[in-house]
Structure formats: structure tokens, C-alpha cells
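Have a look at data-v2.txt below; it lists compact mmCIF, C-alpha atoms and all ligand atoms.
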```txt
# COMPACT_ATOMS: atom_id res chain seq x y z
CA MET A 72 -228.75 -47.54 130.35
CA THR A 73 -228.18 -43.89 131.13
CA ASP A 74 -230.23 -42.07 133.78
CA ALA A 75 -231.39 -39.37 131.38
CA THR A 76 -234.43 -40.17 129.26
CA PRO A 77 -236.80 -38.05 127.19
CA ASP A 78 -239.21 -38.24 130.15
CA THR A 79 -236.74 -36.48 132.38
CA TYR A 80 -237.03 -33.52 130.10
CA ASP A 81 -240.76 -33.85 129.40
CA TYR A 82 -241.36 -32.78 132.97
CA GLY A 83 -239.03 -29.83 132.92
CA ARG A 84 -236.29 -31.39 135.00
CA GLY A 85 -232.67 -31.03 134.01
CA MET A 86 -233.43 -28.61 131.20
CA ASP A 87 -230.25 -27.08 129.95
CA ALA A 88 -229.36 -24.10 127.84
CA LEU A 89 -229.25 -26.11 124.63
CA ASN A 90 -232.75 -27.45 125.17
CA ARG A 91 -234.09 -23.96 125.79
CA ALA A 92 -232.39 -22.73 122.64
CA THR A 93 -233.45 -25.62 120.41
CA GLY A 94 -237.01 -25.60 121.82
CA ARG A 95 -237.38 -21.88 121.12
CA LEU A 96 -236.37 -22.41 117.51
CA ARG A 97 -238.82 -25.23 116.74
CA SER A 98 -241.83 -24.39 114.65
CA ARG A 99 -245.14 -26.16 115.17
CA HIS A 100 -247.05 -27.42 112.20
CA GLU A 101 -250.03 -29.20 113.68
CA GLY A 102 -252.98 -30.88 112.04
CA GLY A 103 -251.60 -32.81 109.04
CA ASP A 104 -253.46 -35.78 107.57
CA PRO A 105 -252.60 -38.64 109.97
CA THR A 106 -253.54 -41.27 107.38
CA GLN A 107 -250.66 -40.29 105.07
CA PRO A 108 -246.97 -40.97 105.72
CA THR A 109 -244.68 -37.95 105.82
CA ARG A 110 -242.68 -39.29 102.85
CA THR A 111 -242.18 -42.50 100.89
CA TRP A 112 -239.53 -43.36 98.32
CA LEU A 113 -237.94 -46.26 96.45
CA ASP A 114 -234.20 -46.88 96.22
CA LYS A 115 -231.45 -49.50 96.20
CA ASP A 116 -229.37 -50.22 99.27
CA LEU A 117 -226.25 -52.23 100.08
CA THR A 118 -227.25 -54.76 102.76
CA PRO A 119 -225.26 -57.63 104.34
CA ASP A 120 -226.94 -59.82 101.66
CA GLY A 121 -225.90 -57.58 98.76
CA ILE A 122 -227.63 -54.77 96.89
CA ARG A 123 -231.40 -54.87 97.37
CA SER A 124 -234.38 -52.76 96.34
CA SER A 125 -235.77 -50.74 99.23
CA LEU A 126 -238.98 -48.97 100.20
CA THR A 127 -238.46 -46.18 102.73
CA ILE A 128 -241.43 -44.91 104.71
CA ILE A 129 -241.26 -41.92 107.03
CA LEU A 130 -244.26 -42.50 109.25
CA ASP A 131 -246.01 -39.59 110.89
CA THR A 132 -246.28 -40.87 114.46
CA GLY A 133 -246.35 -37.56 116.27
CA GLY A 134 -242.57 -37.54 116.24
CA CYS A 135 -239.75 -37.59 118.66
CA ARG A 136 -240.36 -36.86 122.36
CA TRP A 137 -236.86 -35.52 122.67
CA ALA A 138 -237.46 -33.05 119.87
CA ARG A 139 -240.54 -31.72 121.66
CA ALA A 140 -238.42 -31.17 124.74
CA GLY A 141 -235.92 -29.12 122.70
CA GLY A 142 -234.00 -31.83 120.94
CA CYS A 143 -230.86 -32.09 118.90
CA THR A 144 -229.03 -29.05 117.60
CA MET A 145 -229.19 -30.08 113.92
CA CYS A 146 -232.60 -31.79 113.75
CA GLY A 147 -235.43 -30.09 111.91
CA TYR A 148 -237.51 -33.24 111.53
CA VAL A 149 -239.88 -32.30 114.34
CA SER A 150 -241.51 -29.85 111.93
CA GLU A 151 -242.51 -32.84 109.79
CA SER A 152 -244.35 -34.63 112.57
CA GLU A 153 -247.61 -32.85 112.39
CA ASN A 154 -249.74 -34.68 114.91
CA ALA A 155 -248.09 -34.03 118.24
CA GLU A 156 -250.83 -35.84 120.24
CA GLY A 157 -250.00 -39.10 118.51
CA VAL A 158 -251.57 -41.10 115.70
CA SER A 159 -254.12 -43.92 116.10
CA HIS A 160 -253.52 -47.54 115.12
CA GLU A 161 -256.00 -47.21 112.24
CA ALA A 162 -254.29 -44.08 110.92
CA LEU A 163 -250.83 -45.70 111.15
CA MET A 164 -252.04 -48.74 109.22
CA SER A 165 -253.55 -46.38 106.59
CA GLN A 166 -250.11 -44.76 106.26
CA ILE A 167 -248.61 -48.21 105.62
CA GLU A 168 -251.29 -49.04 103.00
CA SER A 169 -250.72 -45.71 101.32
CA ALA A 170 -246.96 -46.40 101.09
CA ILE A 171 -247.63 -49.86 99.64
CA GLU A 172 -249.95 -48.31 97.05
CA TYR A 173 -247.20 -45.85 96.13
CA GLU A 174 -244.77 -48.73 95.75
CA ALA A 175 -247.18 -50.75 93.59
CA ALA A 176 -247.66 -47.77 91.30
CA ASN A 177 -243.94 -47.06 90.92
CA ALA A 178 -242.07 -50.38 91.10
CA ASP A 179 -242.27 -53.64 89.14
CA GLU A 180 -242.16 -55.75 92.28
CA PRO A 181 -242.26 -55.31 96.06
CA ALA A 182 -238.96 -54.10 97.54
CA ALA A 183 -236.84 -56.63 99.41
CA VAL A 184 -236.08 -54.17 102.20
CA VAL A 185 -238.58 -51.96 104.01
CA LYS A 186 -237.13 -49.09 106.03
CA LEU A 187 -239.39 -47.50 108.62
CA TYR A 188 -238.46 -44.17 110.16
CA SER A 189 -240.50 -41.66 112.10
CA SER A 190 -237.90 -39.03 113.00
CA GLY A 191 -238.38 -40.60 116.40
CA SER A 192 -238.71 -44.22 117.54
CA ILE A 193 -240.87 -46.93 115.99
CA LEU A 194 -240.16 -48.93 119.17
CA ASP A 195 -241.56 -46.18 121.43
CA ASP A 196 -245.08 -47.29 122.48
CA ARG A 197 -246.19 -43.66 122.57
CA GLU A 198 -245.41 -43.33 118.86
CA VAL A 199 -246.27 -46.81 117.58
CA GLY A 200 -248.21 -49.12 119.92
CA ALA A 201 -247.66 -52.89 120.12
CA PRO A 202 -250.76 -53.69 117.96
CA SER A 203 -249.46 -51.39 115.22
CA ARG A 204 -246.00 -52.95 115.29
CA GLN A 205 -247.67 -56.38 115.05
CA GLY A 206 -249.80 -55.21 112.11
CA ILE A 207 -246.81 -53.69 110.31
CA ALA A 208 -244.71 -56.85 110.80
CA GLU A 209 -247.52 -59.02 109.38
CA ARG A 210 -248.06 -56.66 106.44
CA PHE A 211 -244.39 -56.89 105.44
CA ALA A 212 -243.84 -60.57 106.31
CA ASP A 213 -243.26 -61.34 102.61
CA ARG A 214 -240.14 -59.10 102.50
CA GLU A 215 -236.51 -60.05 103.30
CA ARG A 216 -235.51 -57.35 105.72
CA ILE A 217 -236.98 -54.54 107.79
CA VAL A 218 -235.15 -51.56 109.24
CA ILE A 219 -236.75 -49.96 112.28
CA GLU A 220 -235.64 -46.58 113.59
CA SER A 221 -235.35 -46.28 117.35
CA LEU A 222 -233.56 -44.46 120.11
CA PRO A 223 -231.60 -46.98 122.17
CA ASP A 224 -233.83 -46.73 125.27
CA PHE A 225 -236.74 -48.41 123.53
CA VAL A 226 -234.92 -51.49 122.23
CA THR A 227 -236.32 -54.55 124.01
CA GLU A 228 -236.67 -58.15 122.92
CA SER A 229 -240.48 -58.07 123.14
CA ARG A 230 -240.71 -55.01 120.90
CA LEU A 231 -238.52 -56.66 118.26
CA GLU A 232 -240.35 -59.99 118.46
CA PRO A 233 -243.17 -59.29 115.97
CA PHE A 234 -240.67 -58.52 113.20
CA LEU A 235 -238.43 -61.48 114.00
CA ASP A 236 -241.41 -63.83 114.34
CA ALA A 237 -242.55 -62.71 110.89
CA GLY A 238 -239.26 -64.13 109.55
CA LEU A 239 -237.77 -60.72 108.73
CA ALA A 240 -234.08 -59.96 109.04
CA THR A 241 -234.49 -57.05 111.44
CA ASP A 242 -232.18 -54.05 111.80
CA VAL A 243 -232.58 -51.47 114.52
CA ALA A 244 -231.52 -48.11 113.10
CA ILE A 245 -229.99 -45.99 115.85
CA GLY A 246 -228.97 -42.34 115.47
CA VAL A 247 -225.81 -42.68 117.53
CA GLU A 248 -224.31 -39.49 115.99
CA THR A 249 -220.90 -40.05 117.64
CA ALA A 250 -219.21 -42.51 119.97
CA THR A 251 -217.87 -39.60 122.04
CA ASP A 252 -220.26 -38.82 124.89
CA ARG A 253 -219.03 -35.26 125.33
CA VAL A 254 -219.64 -34.43 121.65
CA ARG A 255 -223.08 -36.09 121.72
CA ARG A 256 -224.12 -34.10 124.76
CA ASP A 257 -222.46 -30.73 124.22
CA CYS A 258 -222.52 -30.43 120.42
CA VAL A 259 -225.53 -32.53 119.39
CA ASN A 260 -227.59 -32.18 122.60
CA LYS A 261 -228.62 -35.82 122.54
CA TYR A 262 -229.39 -37.26 125.95
CA PHE A 263 -228.04 -40.83 125.94
CA ASP A 264 -224.51 -42.14 126.45
CA PHE A 265 -222.60 -44.58 124.26
CA ASP A 266 -223.15 -47.25 126.93
CA ALA A 267 -226.86 -47.12 126.08
CA VAL A 268 -225.99 -47.93 122.45
CA VAL A 269 -223.81 -50.84 123.56
CA ASP A 270 -226.70 -52.15 125.73
CA ALA A 271 -229.23 -51.71 122.92
CA ALA A 272 -226.96 -53.54 120.45
CA LYS A 273 -226.53 -56.39 122.94
CA THR A 274 -230.31 -56.65 123.41
CA ALA A 275 -230.88 -56.59 119.65
CA HIS A 276 -228.21 -59.22 118.97
CA GLU A 277 -229.48 -61.52 121.72
CA ALA A 278 -232.99 -61.25 120.26
CA GLY A 279 -231.68 -62.18 116.81
CA ALA A 280 -231.74 -58.68 115.29
CA SER A 281 -228.91 -56.47 114.04
CA VAL A 282 -227.96 -52.80 114.25
CA LYS A 283 -227.52 -50.10 111.67
CA ALA A 284 -225.88 -47.00 113.13
CA TYR A 285 -226.10 -43.41 111.95
CA LEU A 286 -223.32 -40.92 112.62
CA LEU A 287 -223.31 -37.17 112.25
CA LEU A 288 -220.30 -35.75 110.44
CA LYS A 289 -219.51 -32.29 111.82
CA PRO A 290 -221.87 -31.38 114.61
CA PRO A 291 -221.71 -27.67 115.48
CA PHE A 292 -218.77 -26.43 117.60
CA LEU A 293 -216.27 -28.89 116.07
CA THR A 294 -213.62 -27.81 113.59
CA GLU A 295 -213.34 -29.64 110.27
CA SER A 296 -210.39 -31.77 111.48
CA GLU A 297 -212.02 -32.52 114.86
CA ALA A 298 -215.15 -33.62 113.00
CA ILE A 299 -213.16 -36.00 110.76
CA GLU A 300 -211.26 -37.44 113.70
CA ASP A 301 -214.45 -37.93 115.69
CA ALA A 302 -216.21 -39.69 112.79
CA VAL A 303 -213.28 -42.03 112.14
CA SER A 304 -212.95 -42.97 115.79
CA SER A 305 -216.74 -43.43 116.08
CA ILE A 306 -216.81 -45.78 113.08
CA GLU A 307 -214.01 -47.85 114.62
CA GLN A 308 -215.89 -48.12 117.91
CA LEU A 309 -219.21 -48.92 116.23
CA ALA A 310 -217.96 -51.55 113.79
CA PRO A 311 -218.19 -54.40 116.33
CA LEU A 312 -221.80 -53.39 117.13
CA ALA A 313 -223.33 -52.53 113.77
CA HIS A 314 -223.20 -54.29 110.38
CA THR A 315 -223.75 -50.97 108.62
CA ILE A 316 -222.67 -47.46 109.60
CA SER A 317 -224.14 -44.54 107.73
CA VAL A 318 -222.21 -41.27 107.96
CA ASN A 319 -224.56 -38.31 107.65
CA PRO A 320 -222.82 -35.03 106.91
CA THR A 321 -224.71 -32.21 108.64
CA THR A 322 -227.18 -30.24 106.55
CA VAL A 323 -228.50 -26.91 107.80
CA MET A 324 -232.17 -27.61 108.52
CA GLU A 325 -234.80 -24.98 109.28
CA ASP A 326 -235.54 -23.88 112.83
CA THR A 327 -232.46 -25.46 114.35
CA LEU A 328 -229.57 -24.18 116.40
CA VAL A 329 -227.27 -25.12 113.53
CA GLU A 330 -229.28 -22.79 111.28
CA GLU A 331 -228.93 -19.95 113.77
CA LEU A 332 -225.16 -20.46 113.89
CA TYR A 333 -225.05 -20.67 110.10
CA TYR A 334 -226.82 -17.31 109.74
CA ASP A 335 -224.42 -15.79 112.27
CA ASN A 336 -221.46 -17.07 110.24
CA GLY A 337 -220.66 -19.54 112.97
CA TYR A 338 -221.17 -22.78 111.05
CA ARG A 339 -220.18 -24.27 107.70
CA PRO A 340 -221.45 -27.73 106.69
CA PRO A 341 -218.64 -30.24 106.16
CA TRP A 342 -216.58 -30.38 102.99
CA LEU A 343 -217.31 -33.35 100.73
CA TRP A 344 -213.55 -34.00 100.93
CA SER A 345 -214.10 -34.67 104.63
CA VAL A 346 -216.68 -37.32 103.73
CA THR A 347 -214.32 -39.02 101.29
CA ASP A 348 -211.48 -38.79 103.82
CA VAL A 349 -213.57 -40.51 106.51
CA LEU A 350 -214.68 -43.24 104.08
CA GLU A 351 -211.10 -43.81 102.92
CA GLN A 352 -209.68 -43.94 106.43
CA THR A 353 -212.27 -46.51 107.55
CA ALA A 354 -212.43 -48.63 104.39
CA THR A 355 -210.88 -51.62 106.16
CA VAL A 356 -213.20 -51.77 109.20
CA ASP A 357 -215.39 -54.84 109.45
CA ALA A 358 -218.69 -53.11 108.63
CA ILE A 359 -220.39 -51.60 105.63
CA VAL A 360 -219.71 -47.85 105.82
CA VAL A 361 -221.81 -45.60 103.59
CA SER A 362 -222.72 -41.96 103.27
CA ASP A 363 -225.63 -40.33 101.53
CA PRO A 364 -224.99 -36.59 101.71
CA VAL A 365 -228.30 -34.70 101.73
CA GLY A 366 -228.22 -31.38 99.89
CA ALA A 367 -224.70 -32.07 98.58
CA GLY A 368 -223.24 -29.12 96.67
CA ASN A 369 -225.63 -26.59 98.24
CA ASP A 370 -224.50 -23.90 100.60
CA ARG A 371 -226.67 -25.39 103.37
CA GLY A 372 -225.47 -28.93 102.68
CA PRO A 373 -222.04 -30.60 102.57
CA HIS A 374 -220.09 -28.93 99.78
CA ASN A 375 -216.72 -28.25 98.18
CA CYS A 376 -215.98 -25.42 95.76
CA GLY A 377 -219.00 -25.77 93.49
CA GLU A 378 -216.99 -27.11 90.55
CA CYS A 379 -216.31 -30.61 91.81
CA ASP A 380 -219.32 -31.27 94.08
CA GLU A 381 -221.24 -33.36 91.58
CA THR A 382 -218.25 -35.56 90.69
CA VAL A 383 -217.28 -36.11 94.31
CA THR A 384 -220.89 -36.92 95.29
CA ARG A 385 -221.02 -39.45 92.46
CA ALA A 386 -217.80 -41.05 93.71
CA ILE A 387 -219.33 -41.32 97.20
CA GLY A 388 -222.34 -43.08 95.62
CA ASP A 389 -219.96 -45.51 93.86
CA PHE A 390 -218.16 -46.17 97.12
CA ASN A 391 -221.49 -46.89 98.83
CA ARG A 392 -222.20 -49.66 96.33
CA ARG A 393 -218.67 -51.10 95.93
CA GLN A 394 -216.95 -50.30 99.25
CA ASP A 395 -213.78 -49.72 97.25
CA PRO A 396 -211.79 -46.59 98.24
CA SER A 397 -209.97 -46.54 94.88
CA VAL A 398 -213.07 -44.78 93.46
CA PHE A 399 -211.70 -41.65 95.12
CA ASP A 400 -208.43 -41.85 93.15
CA GLU A 401 -210.43 -40.79 90.11
CA VAL A 402 -211.53 -37.44 91.58
CA SER A 403 -209.45 -34.36 92.26
CA CYS A 404 -209.89 -30.59 92.27
CA GLU A 405 -207.89 -27.48 93.09
CA CYS A 406 -210.06 -26.88 96.15
CA GLU A 407 -208.50 -29.87 97.87
CA VAL A 408 -205.62 -27.59 98.85
CA THR A 409 -208.04 -25.17 100.52
CA TRP A 410 -209.72 -28.04 102.39
CA GLU A 411 -206.33 -29.32 103.58
CA SER A 412 -205.44 -25.86 104.78
CA VAL A 413 -208.79 -25.60 106.66
CA CYS A 414 -208.08 -28.95 108.30
CA GLU A 415 -204.67 -27.71 109.40
CA ARG A 416 -205.50 -24.19 110.50
CA GLU A 417 -209.12 -24.01 111.64
CA THR A 418 -209.50 -23.76 115.40
CA SER A 419 -212.51 -23.26 117.64
CA TYR A 420 -211.61 -19.55 117.77
CA ASN A 421 -211.66 -18.86 114.04
CA MET A 422 -214.25 -21.22 112.54
CA PRO A 423 -215.48 -21.40 109.94
CA LEU A 424 -212.22 -20.42 108.33
CA VAL A 425 -213.69 -20.62 104.82
CA ASN A 426 -217.36 -20.59 103.76
S1 LIG A 501 -232.14 -36.27 115.84
FE1 LIG A 501 -233.53 -37.92 116.51
S2 LIG A 501 -233.46 -37.79 118.79
FE2 LIG A 501 -232.66 -35.85 118.02
S3 LIG A 501 -234.45 -34.49 117.98
FE3 LIG A 501 -234.23 -35.38 115.92
S4 LIG A 501 -235.57 -37.18 115.88
FE4 LIG A 501 -235.22 -36.60 118.07
ZN ZN A 502 -213.48 -28.33 94.04
```
Output the file's structure in the form of C-alpha cells.
Ligand code: SF4
Ligand SMILES: [Zn+2]
Amino acid sequence: MTDATPDTYDYGRGMDALNRATGRLRSRHEGGDPTQPTRTWLDKDLTPDGIRSSLTIILDTGGCRWARAGGCTMCGYVSESENAEGVSHEALMSQIESAIEYEAANADEPAAVVKLYSSGSILDDREVGAPSRQGIAERFADRERIVIESLPDFVTESRLEPFLDAGLATDVAIGVETATDRVRRDCVNKYFDFDAVVDAAKTAHEAGASVKAYLLLKPPFLTESEAIEDAVSSIEQLAPLAHTISVNPTTVMEDTLVEELYYDNGYRPPWLWSVTDVLEQTATVDAIVVSDPVGAGNDRGPHNCGECDETVTRAIGDFNRRQDPSVFDEVSCECEVTWESVCERETSYNMPLVN
């Protein structure tokens, strides 16, 4: 475990320039209905058991402690957590019931996989107490698999037990962002080291659970080629720890440091060609590697030239399902030359080279 924790920063110790900057940019939206989840949706996901239907629930738990201390440079999710003082057990269970009602109204049968996120940590007692975790595990005991978002600090055997005891294949979803500590600290402003991820994965595996890791493609302050290199190397280092690695290309979210850089012409979201390049380069690693670019084709999201964005995004979706890099042989566009030139010539002194 690393020495730094969200608590360190809760009490004003060790605050750094990035935390002051990110904290200043956060907006507060207090007083939402604590009995309703932030968002719920149905989808299909590739799991170690094949493609399965999934129900994703973003719980409103009061959100991430780290975000309230300033938080990560690209994360705007704190604005979605409307009840900063926390949410009661009863309200959390109402959120779960409300998501199940949504599912019943929109799907023929209950999803095999339930994915629980909070833009924070479901395993943090301050967000979701032990009785709520027990209640949630019992409520979903009829499903195959549950995915639980958590920062690595909060992963303990006892906190995973309710889900495992309910007979659920249990994945801890960790926002690792990068395997490079310097990039995580200086570009993402996330407080833990990669060692903490290794420890959390070991704890999860020993308990009988698994890990799903999330990476950030192109944090601020990295050039396009540095971002690609960092993502490829991170996937290689994470493959022995996680059965699935999800590569999230950065999207410019509101009230974030990334947004401020973007408005000052200091940041361009990654090219979709960078996503396909990372997926192609890591196609042989022993893990499922997927990417679900949010806001693809928009100026604030990962994008190419505008002409090919839809086709390339569709190819990425195909790759997610089939894990076959030959899907990218089918797509090409003139803008690939521009992307290659950006990869060759962009430096930290002249980025972004092209918008
Ligand atoms: S990315 Fe995760 S750890 Fe960072 S501020 Fe957002 S919710 Fe918190
Ligand atoms: Zn193009």
C-alpha cells in the first residue's frame, strides 16, 4: 500500500498545486434525490464467460473522497454525486430497486452481469456501508457476475465476501489509469502507486475475486505518441493482474483541469487511430482488451477527421466483441497520414500539433 490516501488530503495535508487547481474547478450540485441512481443502462459485454447481457448502475453514494479533495485532472464525475454528506442504507437500497424496475421495464429477462459504479468506491464504507453491500449482494444473488468499482485501498477480503458468498463471480473494477506512477501522479493527479494495484489484485485473487482494470488513454501533458506508448506498456503490465482491461480515451468533461487546458488550446483528446493502434499492438496479450470511446467523433471526445469517426468507432466496437485486430484492416482514411505525422512530430513544446 502507498502512504498517500484520500484521508491525507481530506485534512489539508500534502495538498499540491494540481489538487488546488482541480478543486477550484469543481462545481457543487447538492441536494439530488438520494433514492434514485445517477444513471442506469442495459448493454452487452464481453466477459471471461463470453458475451453477456449487462445492467450498469451508477449509484449516487456521495461520490469520491478524492474528488472532493481536488481529484483527478480529467474527472468530472464529482458533479454527478449530489449528496456529499453520504446516502443512507435505505436510500441506497431504493436506488437498487429503482434500477431493477428500469431493467424489468426495458429487458426481457434479468441481465447476467450487474455492474455497480459510484464514480468512487463501492468498497469504501463511507460511501456504501457493510449492511448495504450485504443487501446488494443478496438482491443480485440470482445473477452470474457482479462488477464492483473501487479504488485499490478499499479492497479487502471481508468487503468482497458478501458478493462471493452469494455465489457471484466478482470483479473489482479499478481505475488504474496507467501503470506508470509518474504519469498517474503528475498527469492524472491520482494518489496511489501501481504497487497498491498489485496488492489489491493479490487480495482480490486470494479471496476468489478477479480484477477489471481501466486505463486512461492520453492524460493531459502527454503527446499523442507518449500516450500510445504508455497505454501499450500499461496493458502489458496489467495483463497478469486483470482478466479485462478497458482503455478509456480521455473526454473533455466539465469543470476539470483538462477542460481548462482544452479551452486554452493546450489539450486535444486522442485520435481514434491511437485507440486502434493500442488495441492492435496489444491484441496478443493474455487479457480481454476493450475500449468504449465516450463522445467519439466530437471535438471534446476522441476523434479523427470527422469523415471516418463513425466507421472507426464501429470497428472498435467489433474488436471489443471479437478481439480480432483484422477488423481494423477494413478501415482507412486520408487523415491517417496526419495522425502519423502528429505521432512523429508532436513534442511537449508544441502540443497539440493539430486540433
Ligand atoms: S477518476 Fe476516480 S479517483 Fe479520480 S476523482 Fe474521479 S472518481 Fe475520484
Ligand atoms: Zn479520417
List as a Markdown table every residue of chain A that is in contact with ligand LIG 501 (chain A), defined as an atom at most 6 Å from one of its atoms (using all atoms listed in the file), together with the nearest atom pair and the distance in Å rounded to one decimal, sorted by chain and then rising number.
```
| residue | atom | partner | partner_atom | distance |
| --- | --- | --- | --- | --- |
| A:Cys135 | CA | A:LIG501 | FE4 | 4.7 |
| A:Trp137 | CA | A:LIG501 | FE4 | 5.0 |
| A:Ala138 | CA | A:LIG501 | S3 | 3.8 |
| A:Gly142 | CA | A:LIG501 | S3 | 4.0 |
| A:Cys143 | CA | A:LIG501 | FE2 | 4.3 |
| A:Cys146 | CA | A:LIG501 | FE3 | 4.5 |
| A:Tyr148 | CA | A:LIG501 | FE3 | 5.9 |
| A:Ser190 | CA | A:LIG501 | S4 | 4.1 |
| A:Gly191 | CA | A:LIG501 | S4 | 4.5 |
```
### Query
What does the distance from atom CA of A:Ser192 to atom CA of A:Asp264 come to in Å, to one decimal?
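Atom CA of A:Asp264 lies at a distance of 16.9 Å from atom CA of A:Ser192.
Residue nearest A:Gly147 within the list A:Asp195, A:Leu328, A:Cys376, A:Glu172: A:Leu328 [criterion: smallest interatomic distance, all atoms listed in the file].
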### Task
Identify, on the basis of only C-alpha atoms, every residue whose closest approach to A:Glu381 does not exceed 12 Å; exclude the query and any residue fewer than 2 positions from it along the same chain; express the result as a PyMOL selection string.
chain A and resi 343+364+366-369+373-379+383-388+402-404
Generate the output file for the selected residues, C-alpha atoms, as a PDB file, in the coordinates of the input.
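Result went into result04.pdb, see below:
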```pdb
ATOM      1  CA  LEU A 343    -217.310 -33.350 100.730  1.00  0.00           C
ATOM      2  CA  PRO A 364    -224.990 -36.590 101.710  1.00  0.00           C
ATOM      3  CA  GLY A 366    -228.220 -31.380  99.890  1.00  0.00           C
ATOM      4  CA  ALA A 367    -224.700 -32.070  98.580  1.00  0.00           C
ATOM      5  CA  GLY A 368    -223.240 -29.120  96.670  1.00  0.00           C
ATOM      6  CA  ASN A 369    -225.630 -26.590  98.240  1.00  0.00           C
ATOM      7  CA  PRO A 373    -222.040 -30.600 102.570  1.00  0.00           C
ATOM      8  CA  HIS A 374    -220.090 -28.930  99.780  1.00  0.00           C
ATOM      9  CA  ASN A 375    -216.720 -28.250  98.180  1.00  0.00           C
ATOM     10  CA  CYS A 376    -215.980 -25.420  95.760  1.00  0.00           C
ATOM     11  CA  GLY A 377    -219.000 -25.770  93.490  1.00  0.00           C
ATOM     12  CA  GLU A 378    -216.990 -27.110  90.550  1.00  0.00           C
ATOM     13  CA  CYS A 379    -216.310 -30.610  91.810  1.00  0.00           C
ATOM     14  CA  VAL A 383    -217.280 -36.110  94.310  1.00  0.00           C
ATOM     15  CA  THR A 384    -220.890 -36.920  95.290  1.00  0.00           C
ATOM     16  CA  ARG A 385    -221.020 -39.450  92.460  1.00  0.00           C
ATOM     17  CA  ALA A 386    -217.800 -41.050  93.710  1.00  0.00           C
ATOM     18  CA  ILE A 387    -219.330 -41.320  97.200  1.00  0.00           C
ATOM     19  CA  GLY A 388    -222.340 -43.080  95.620  1.00  0.00           C
ATOM     20  CA  VAL A 402    -211.530 -37.440  91.580  1.00  0.00           C
ATOM     21  CA  SER A 403    -209.450 -34.360  92.260  1.00  0.00           C
ATOM     22  CA  CYS A 404    -209.890 -30.590  92.270  1.00  0.00           C
TER      23      CYS A 404
END
```
### Task
Excluding stretch 275-277 of chain A and residues on its chain fewer than 6 positions from it, collect all residues at most 12 Å away from it, counting all atoms listed in the file, and give them as number ranges by chain.
A: 219, 221, 223-232, 234-235, 240-245, 268-269, 283, 311-314
### Query
Between atom CA of A:Val218 and atom CA of A:Lys186, what is the distance, to one decimal in Å?
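Answer for the atom CA of A:Val218 to atom CA of A:Lys186 separation: 4.5 Å.
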#### Entry: Atomic distance atom CA of A:Phe292 - atom CA of A:Ala272, expressed in Å with one decimal
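According to the coordinates, atom CA of A:Phe292 and atom CA of A:Ala272 are separated by 28.5 Å.
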### Query
Which residue out of A:Ser124, A:Thr409, A:Asn391, A:Tyr420 has the minimum interatomic distance to A:Asp179 when only C-alpha atoms are used?
A:Ser124
### Message
So, with all atoms listed in the file as the atoms that count, which of A:Cys406, A:Leu424, A:Ile171, A:Leu286 lies closest to ligand ZN 502 (chain A)?
### Response
A:Cys406
### Query
For ligand ZN 502 (chain A), which of A:Phe399, A:Trp344, A:Asp370, A:Asp389 is the closest residue, counting all atoms listed in the file?
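Using all atoms listed in the file, the shortest distance to ligand ZN 502 (chain A) belongs to A:Trp344.
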### Task
Could you tell me which of A:Thr382, A:Glu401, A:Asp395, A:Ser296 comes closest to ligand ZN 502 (chain A) if we count only C-alpha atoms and all ligand atoms?
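The answer is A:Thr382, which sits nearest to ligand ZN 502 (chain A).
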Which polymer residues have any atom within 8 Å of an atom of stretch 205-217 of chain A, counting all atoms listed in the file, with same-chain residues fewer than 3 positions away left out, as an mmCIF file with C-alpha atoms, in the coordinates of the input?
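Once written, out_8.cif looks like this:
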```cif
data_model
loop_
_atom_site.group_PDB
_atom_site.id
_atom_site.type_symbol
_atom_site.label_atom_id
_atom_site.label_comp_id
_atom_site.auth_asym_id
_atom_site.auth_seq_id
_atom_site.Cartn_x
_atom_site.Cartn_y
_atom_site.Cartn_z
ATOM 1 C CA MET A 164 -252.040 -48.740 109.220
ATOM 2 C CA ILE A 167 -248.610 -48.210 105.620
ATOM 3 C CA PRO A 181 -242.260 -55.310 96.060
ATOM 4 C CA ALA A 182 -238.960 -54.100 97.540
ATOM 5 C CA ALA A 183 -236.840 -56.630 99.410
ATOM 6 C CA VAL A 184 -236.080 -54.170 102.200
ATOM 7 C CA VAL A 185 -238.580 -51.960 104.010
ATOM 8 C CA LYS A 186 -237.130 -49.090 106.030
ATOM 9 C CA LEU A 187 -239.390 -47.500 108.620
ATOM 10 C CA ALA A 201 -247.660 -52.890 120.120
ATOM 11 C CA PRO A 202 -250.760 -53.690 117.960
ATOM 12 C CA PRO A 233 -243.170 -59.290 115.970
ATOM 13 C CA PHE A 234 -240.670 -58.520 113.200
ATOM 14 C CA ALA A 237 -242.550 -62.710 110.890
ATOM 15 C CA GLY A 238 -239.260 -64.130 109.550
ATOM 16 C CA LEU A 239 -237.770 -60.720 108.730
ATOM 17 C CA ALA A 240 -234.080 -59.960 109.040
ATOM 18 C CA THR A 241 -234.490 -57.050 111.440
ATOM 19 C CA ASP A 242 -232.180 -54.050 111.800
#
```
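Distance annotation: of A:Glu407, A:Arg255, A:Arg110, A:Val318, the residue with the minimal separation from ligand ZN 502 (chain A) is A:Glu407; atom set is all atoms listed in the file.
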### Message
So that I can check the surroundings of A:Val199, please list as a ChimeraX atom specification every protein, DNA and RNA residue that reaches within 9 Å of it, counting all atoms listed in the file and ignoring chain neighbours fewer than 6 positions away.
### Response
/A:132,157-160,163,192-193
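By chain and then residue number, the residues within 9 Å of A:Leu350 are Val303, Val318, Val360, Val361, Ser362, Ile387, Phe390, Gln394 and Pro396 of chain A, counting only C-alpha atoms and disregarding those fewer than 6 positions away in sequence.
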Padding 3 Å on each side, edges along x, y and z: where is the centre of the box around the listed atoms of stretch 115-122 of chain A, and how long are its edges in Å to one decimal? Output it as AutoDock Vina command-line options.
```
--center_x -228.4 --center_y -54.7 --center_z 100.3 --size_x 12.2 --size_y 16.3 --size_z 14.1
```
